[in-house]
Amino acid sequence: MKTPLTHTIRPKEPPLDLSQYRRTGGYRAAELTVGRTAPGDVVDLVKRSGLRGRGGAGFPTGAKWSFVPMGDDAPRPKYFVANADEMEPGAFKDRYLLEGDPHGLIESMILSGYAIGAEVGYIFLRWAYRLAYARLSRAIAEAREAGFLGHDIFGSGHAFDVHIHVSAGRYMCGEETGLLNALEGKRATPRHKPPYPQASGLWGKPTVVNNIETICAVRHIVFHGPDWFRELGANGGAGTKLYAASGKLRQPGVWELPIGTPLGEIIDEHAGGMTSGARFRATLPGGASTEFLTREHWDLPLDFDPVATAGSRLGTGTLIVMDDGTCPVGMVHNLEAFFAMESCGFCTPCREGLPWTAGVLRRLEEGRGRYEDIELLRHHAKLLAPGVTFCALAPGASAPLASALSLFGDDFERHVREGRCPFRAEA
Amino acid sequence: MATIWIDGVSYEADPSRNLLAVILELGFDLPYFCWHPALGSIGACRQCAITQFRGEDDHQGQVVMACMTPAAEGARVSIDHASAATLRKSVIEWLMVSHPHDCPVCDEGGECHLQDMTVMAGHTYRRSRLPKRTYISQDLGPLIGHEMNRCIQCYRCVRFYREYAGGHDLQAMGTRDRIYFGRYQDGPLESEFAGNLVEICPTGVFTDKTQARHYTRKWDLQTAPSICTHCGVGCNINPGERYGALRRVRARYHGAVNGYFLCDRGRYGYEFESSDRRIRVPLAPRGEQNQAEELSVQAAVTRVAKILTSSRRVIGVGSPRATIESNYALQRLVGADGFFHAACAEEHRSSLAALDALREGPSRSPALREIERCDAVVVLGEDLTQSAPMMALAIRQAALAIPRSVAERQGIPPWHDAAIRESVQSARGPVFLLSPAPTKLDDLATRVYRKTPRAIAAAGQAIARALDPQVPALAGDEMDRAGIEEIARALTVAERPLVVAGSGTASEAVINAAANLAWATSAAREDDRAAELAYALPWANSAGLSLLGGAPLDEALAAAERGEVDAAIILESDLDRIAGPGPAERFLGQVRHAVVLDHIAHPTAARADVVLPAATFAEGHGHLVNSEGRAQRQMAVFSPDEPIRESWRWLREAMMLAGYDEADSWTGAEAIAEAAARDHPALARLPDAQLSADFRLGGAKVARAPHRYSGRAAAKLHLNVLEPTPPRDNDSPLEFSMEGSPVLPPGKIETTFWAPGWSSPQALTRFQEEIDGPLRGGDPGVRLIEPAGEPFAYRDVALSAPSPELAPTPVVAAFGSEELSALAPGIAALAPRAFLELNPRDAASLGLADDDVVSVRARGASARLSVRLEPGRAQGTAGIPLGLEDIPVALSFAGELITGS
């Protein structure tokens with residue numbers, strides 16, 4: 001099986017309905033698990049599978065679940081939240097699953113919810129994913145009708161239901177605690193950890209928030225076992241990963257590949273290489289909030305640890321490829337303007353620092369920059385670090401800026417020296 | 001205690017605190033914005049960065065926010081480490097990217113926390129060339145100015161307003177670098193605590209609009225410790241004066257009473273002091289041809305003395321808003337039998353009953369900060385947000401006691417505000433409210449019962465009986481069994497239960513039922529402890545006046561009616577306002593002579609023979625006793641122009657002239673307080689409320705004006721080129737001067753609350769023994785009342801006979817019900833118009849609709865009021881606003897509706 005986790009997805013066609021999904025073995029894993037095995041066993045399976053969070057942080061999923069208080073005196077209700085607020089620039093992998101495999105998501109949510117003893121599941125959905133909303137709504141209705149969701153799922157006596165919450169649309173809502181505040185109807189500002197959501201999450205109750213791609217792997221892990229999943233990876237990684245690529249590529253798209261597939265292979269073999277006239281210069285490996293990788297990383301296995309060792313982050317695994325005709329200052333300006341716009345305004349460095357960097361970058365692009373502006377950018381790129389800011393948004397924003405400053409410093413200086421963007425035709 | 005290291009030196013620290021609190025407490029300078037001792041930590045501003053090390057060998061460390069880091073055993077941190085210091089400087093730089101450079105014209109300038117922190121963090125040079133963002137500010141009403149361009153987005157305002165004080169109409173709006181703190185549209189802020197935004201805001205976004213009309217910088221103000229004079233709670237205040245007029249009032253921290261805050265009646269009521277109704281010279285209002293005639297001091301005192309010597313029977317009307325000293329002097333003058341209170345019978349009985357209950361039974365009256373820690377509350381009848389706003393604010397915190405403790409058991413530290421609130425969600429209480437009409441505390445109540453005052457008393461007694469069968473049964477209890485048991489149980493299992501009542505229902509029965517309820521808990525509880533018992537008495541010295549004893553105004557009127565009164569000395573009271581113009585005029589016609597001592601002109605004063613200009617709270621010395629039974633000292637903030645002086649000094653002069661020898665010994669504020677303490681055992685500790693006048697620091701007195709006070713030599717230059725000698729103050733350890741001891745005095749007589757580097761109200765941490773604890777050297781004031789303990793006899797709850805008539809029930813308004821503050825233009829603008837509030841069913845059965853006008857009468861007073869329907873009002877009650885212009889107080893307590901033809 002080339003695409004073990006997504007083989008039921010038929011691009012450009014409607015997703016499988018309940019009966020079609022059942023015929024592929026769908027809901028068997030859930031049926032055989034809920035009420036028949038101990039929730040702790042499910043946590044254990046996921047731990048042993050080596051599954052790590054596909055939202056970007058790469059935290060081991062089973063370990064995340066194991067912090068949820070269990071037992072009769074655990075606070076109730078508990079919540080399981082599917083983070084479908086895919087707002088990272090360059091990322092569209094979760095959309096592929098949301099639109100293509102809605103029953104797979106629901107079944108995985110049932111299993112995940114069961115593992116942590118949750119009664120309620122939420123899908124926190126990006127506002128623009130309207131097709132996904134329609135397809136998920138339909139699938140949830142079918143699952144409820146079949147008794148797979150509700151007060152007594154699979155006749156097990158366990159309750160679990162899934163609700164969709166359509167986000168009002170902020171990047172910040174993709175951060176798990178910002179998401180929880182938004183879901184409660186509050187301002188989408190992050191929360192300080194500790195306490196972690198597993199202890200005090202949605203409405204102050206134990207909650208797990210997982211990324212869609214992470215969740216969707218769960219039913220396969222339960223169905224096929226953790227060893228099967230582990231062995232899907234390449235170069236020491238566990239499982240497969242949805243990689244995607246955008247930029248001046250012949251075939252931009254999204255592919256399920258063994259985790260650990262090398263960068264060059266993804267660009268050359270799956271994305272079909274660069275379009276004619278364009279030459280690869282660098283790529284953001286995992287969405288807008290990661291550091292640039294360059295030609296020297298061509299053979300780097302794209303898995304959490306190797307990418308981290310190379311000084312970047314795997315993030316979402318969705319590559320944004322920069323060619324040699326694109327101005328790095330302009331590209332970074334575009335990114336910083338996005339992050340400045342999406343800052344929630346809660347903490348000072350992010351709220352005030354990001355618009356400042358975006359403003360300085362714009363001045364550089366417009367040919368009004370000074371050398372001390374580059375110093376200002378370095379100051380911000382260094383200072384907006386984890387621990388300084390309240391959450392990871394601003395450190396994410398400084399990742400591409402910091403790496404651009406060190407990789408493409410000449411381009412920044414040329415903007416000042418020439419008083420214009422050298423990548424643009426002279427007026 | 002934990003051992004922590006700060007820059008290599010070890011200190012003992014309380015591990016339940018965060019490092020910011022510990023660091024400030026140790027006296028270090030560490031800048032911060034979003035943290036506030038009353039609000040806790042949220043980690044938003046990132047200003048209090050310090051470097052934390054993993055161990056002795058870690059020299060690189062990691063930047064952490066001190067406010068979000070526990071003072072855990074073994075913690076090693078550095079304030080001076082470069083990475084943290086650089087970040088702190090950068091945070092200020094970020095905040096300054098858009099902060100306007102308008103300090104010279106900003107009302108906050110000179111006491112701005114942002115100015116202090118900018119200097120402290122060392123940011124000096126502007127690197128940003130970006131345009132500054134701008135906002136459109138709002139009109140937030142007559143009390144608070146709004147200048148959003150100065151905002152540094154610390155979120156303190158909304159956290160105080162919404163989460164701490166329960167307001168709804170101020171919020172954080174917008175996002176990214178366009179956050180806006182304001183209302184959804186222009187309009188007066190609705191919270192009774194909105195004025196605290198002026199002090200909570202670390203810069204000049206929220207400013208005091210009343211001060212702006214007569215603006216003076218903090219360093220140019222003369223201040224002295226004082227007590228709010230606008231309700232019975234007794235909040236501590238710092239009034240500020242320049243050029244002979246009050247410029248503003250700020251909260252004065254008191255570790256046991258009001259903490260950091262004030263209500264808006266207390267903050268903004270001060271402008272009565274410069275009202276155009278002020279009496280500034282002695283007057284004979286009915287002089288030649290009935291024209292008011294100004295009198296010299298000599299002439300005025302002589303006239304009063306003559307009235308005293310020529311009248312056979314002189315009575316005195318004491319005042320619940322005047323000091324112990326003035327009331328005591330009057331009582332000595334007229335004798336105990338001739339001393340009456342400027343309060344109608346219902347209010348008088350309620351106050352006396354409350355004080356008796358606090359002295360006779362086992363229940364202790366808690367201070368405000370103790371109320372905050374109570375974990376089960378029952379309020380009988382009182383609309384606290386209106387009658388004793390700061391007590392309502394304390395109960396709002398008490399409602400969080402249990403939910404917070406649940407969160408803390410989950411391991412969330414008490415200072416971790418956002419996490420605590422997330423865990424707490426909407427859990428509150430238990431708080432039970434029994435009231436005749438909706439109140440602003442309803443939102444946090446476990447259960448709300450709407451009842452007539454009579455039924456509230458009956459319900460209180462029924463709950464008491466459920467706790468202790470010894471409590472006598474009463475007929476007329478309409479409360480369901482489950483409700484009774486729920487409340488009884490809550491009082492039994494709570495760690496620290498509290499029963500609250502007040503005079504706001506005009507019902508002595510409610511006061512007594514509350515006492516019985518609090519006392520009966522001791523029978524049901526395992527620890528045998530009685531619940532605490534808090535009464536909200538209406539005026540600043542209701543309790544003090546009641547301790548002196550005396551009969552209600554109604555009896556004075558009756559005595560005059562019988563022709564038994566030749567002369568009346570009326571102290572700081574407007575009898576027209578209490579009894580109504582008709583009865584007041586009649587009374588003043590029946591007595592041959594009347595002398596009025598007051599600050600403000602009113603109809604009663606206009607009918608007197610002599611009117612003497614009395615000092616306001618800001619101009620004189622004296623004591624007040626609050627509802628808790630705490631005696632507190634007001635110190636003169638400034639020396640008023642001649643001949644204004646305290647009422648007791650006027651009385652003393654007239655008495656000395658008239659041959660009352662004892663007045664000779666009242667040589668000063670302390671002498672008369674000591675005399676009162678000798679004569680009234682209940683007041684024995686009165687002189688201990690403050691430091692005595694002979695207190696010296698290094699041989700010097702304490703200056704009322706800061707060392708930066710400007711223009712002293714020029715202030716009166718237009719009158720005389722010679723700089724006048726500052727007035728002497730023989731009554732207190734303070735001096736009317738900028739010259740005084742250079743040593744920081746004990747907190748209780750500190751005037752300016754300034755410390756090097758700390759010009760804003762945040763300087764307070766330098767004056768507290770510990771963060772949130774008492775002032776250094778102890779909080780001022782003494783408790784005069786302690787419970788007698790066991791055995792006790794339950795109080796008699798006498799219910800009025802059931803009546804088909806609607807029960808008149810006062811509707812107290814925070815803005816409007818208190819006569820002095822109602823003269824402040826800002827408060828007056830927010831006061832309600834007169835109305836008669838009815839349940840729509842009662843109105844329908846009387847054939848009344850919205851806006852119909854009805855006559856209300858009581859004891860010779862009357863008013864015409866327009867009907868306002870309130871579905872939440874208990875049937876059988878008629879809500880009549882208390883103390884508004886044109887509604888005599890007697891009507892609110894005893895008004896009878898005249899319907900039909």
# chains A, B, ... in the order shown; residues from 1 in each chain; ligands from 1
>>> interface_residues(of="chain B", to="chain A", cutoff="7 Å", atoms="only C-alpha atoms", output="JSON, numbers by chain")
{"B": [44, 45, 46, 63, 64, 91, 94, 95, 175, 176, 177, 179, 412, 419, 422, 423, 425]}
>>> write_last_selection(atoms="N, CA and C atoms", output="PDB file, in the first residue's frame")
ATOM      1  N   ALA B  44       1.324  39.320  30.852  1.00  0.00           N
ATOM      2  CA  ALA B  44       1.081  39.933  29.547  1.00  0.00           C
ATOM      3  C   ALA B  44       2.149  40.938  29.139  1.00  0.00           C
ATOM      4  N   CYS B  45       2.626  41.749  30.090  1.00  0.00           N
ATOM      5  CA  CYS B  45       3.454  42.882  29.657  1.00  0.00           C
ATOM      6  C   CYS B  45       4.895  42.501  29.407  1.00  0.00           C
ATOM      7  N   ARG B  46       5.371  41.425  29.997  1.00  0.00           N
ATOM      8  CA  ARG B  46       6.750  40.918  29.858  1.00  0.00           C
ATOM      9  C   ARG B  46       7.781  41.906  30.392  1.00  0.00           C
ATOM     10  N   VAL B  63      15.639  33.649  30.597  1.00  0.00           N
ATOM     11  CA  VAL B  63      14.775  34.759  30.983  1.00  0.00           C
ATOM     12  C   VAL B  63      13.405  34.219  31.376  1.00  0.00           C
ATOM     13  N   VAL B  64      12.924  34.622  32.530  1.00  0.00           N
ATOM     14  CA  VAL B  64      11.565  34.262  32.950  1.00  0.00           C
ATOM     15  C   VAL B  64      10.882  35.533  33.445  1.00  0.00           C
ATOM     16  N   VAL B  91      11.339  46.122  26.292  1.00  0.00           N
ATOM     17  CA  VAL B  91       9.887  46.147  26.471  1.00  0.00           C
ATOM     18  C   VAL B  91       9.415  47.599  26.554  1.00  0.00           C
ATOM     19  N   TRP B  94       9.458  49.074  23.142  1.00  0.00           N
ATOM     20  CA  TRP B  94       8.269  48.680  22.376  1.00  0.00           C
ATOM     21  C   TRP B  94       7.044  49.484  22.798  1.00  0.00           C
ATOM     22  N   LEU B  95       6.901  49.637  24.115  1.00  0.00           N
ATOM     23  CA  LEU B  95       5.723  50.372  24.588  1.00  0.00           C
ATOM     24  C   LEU B  95       5.772  51.830  24.136  1.00  0.00           C
ATOM     25  N   THR B 175      -7.598  43.762  17.996  1.00  0.00           N
ATOM     26  CA  THR B 175      -6.573  42.739  18.105  1.00  0.00           C
ATOM     27  C   THR B 175      -5.237  43.318  17.668  1.00  0.00           C
ATOM     28  N   ARG B 176      -4.228  42.501  17.600  1.00  0.00           N
ATOM     29  CA  ARG B 176      -2.829  42.841  17.255  1.00  0.00           C
ATOM     30  C   ARG B 176      -2.399  44.150  17.904  1.00  0.00           C
ATOM     31  N   ASP B 177      -1.848  45.124  17.136  1.00  0.00           N
ATOM     32  CA  ASP B 177      -1.454  46.384  17.766  1.00  0.00           C
ATOM     33  C   ASP B 177      -2.584  47.405  17.690  1.00  0.00           C
ATOM     34  N   ILE B 179      -5.392  47.041  19.869  1.00  0.00           N
ATOM     35  CA  ILE B 179      -6.267  46.708  20.993  1.00  0.00           C
ATOM     36  C   ILE B 179      -6.866  48.004  21.547  1.00  0.00           C
ATOM     37  N   ILE B 412      -2.900  25.014  41.233  1.00  0.00           N
ATOM     38  CA  ILE B 412      -2.699  26.323  40.615  1.00  0.00           C
ATOM     39  C   ILE B 412      -2.363  27.324  41.719  1.00  0.00           C
ATOM     40  N   ALA B 419      -5.214  31.491  35.192  1.00  0.00           N
ATOM     41  CA  ALA B 419      -5.447  30.053  35.355  1.00  0.00           C
ATOM     42  C   ALA B 419      -6.499  29.799  36.433  1.00  0.00           C
ATOM     43  N   GLU B 422      -9.798  30.570  34.883  1.00  0.00           N
ATOM     44  CA  GLU B 422     -10.167  29.548  33.916  1.00  0.00           C
ATOM     45  C   GLU B 422     -10.724  28.323  34.642  1.00  0.00           C
ATOM     46  N   SER B 423     -10.074  27.982  35.726  1.00  0.00           N
ATOM     47  CA  SER B 423     -10.528  26.821  36.482  1.00  0.00           C
ATOM     48  C   SER B 423     -11.854  27.116  37.180  1.00  0.00           C
ATOM     49  N   GLN B 425     -14.175  29.352  36.304  1.00  0.00           N
ATOM     50  CA  GLN B 425     -15.280  29.605  35.373  1.00  0.00           C
ATOM     51  C   GLN B 425     -16.371  30.438  36.053  1.00  0.00           C
TER      52      GLN B 425
END
>>> residues_around(residues="Arg250 (chain B)", least_positions_apart="3", cutoff="8 Å", atoms="only C-alpha atoms", output="list in words")
Ile237, Asn238, Pro239, Gly240, Leu262 and Arg267 of chain B
>>> closest_residue(among="B:Phe815, B:Tyr161, B:Trp539, B:Tyr125", to="Ala342 (chain B)", atoms="only C-alpha atoms")
B:Trp539
>>> residues_around(residues="Val782 (chain B)", least_positions_apart="2", cutoff="8 Å", atoms="only C-alpha atoms", output="VMD selection string")
chain B and resid 630 to 632 685 to 686 688 to 689 780 784
>>> closest_atom_pairs(of="region 79-188 of chain A", to="region 310-321 of chain A", cutoff="9 Å", atoms="only C-alpha atoms", output="tab-separated table")
residue	atom	partner	partner_atom	distance
A:Glu88	CA	A:Thr316	CA	8.4
A:Pro89	CA	A:Ile320	CA	8.7
A:Gly90	CA	A:Ile320	CA	6.1
A:Ala91	CA	A:Thr318	CA	5.4
A:Phe92	CA	A:Thr318	CA	7.7
A:Lys93	CA	A:Thr318	CA	7.5
>>> atom_distance(atom1="CA of Pro436 (chain B)", atom2="CA of Ala506 (chain B)")
11.5 Å
>>> residues_around(residues="Pro583 (chain B)", least_positions_apart="5", cutoff="8 Å", atoms="only C-alpha atoms", output="list of chain:residue names")
B:Leu557, B:Asp576, B:Arg859, B:Gly860, B:Ala861
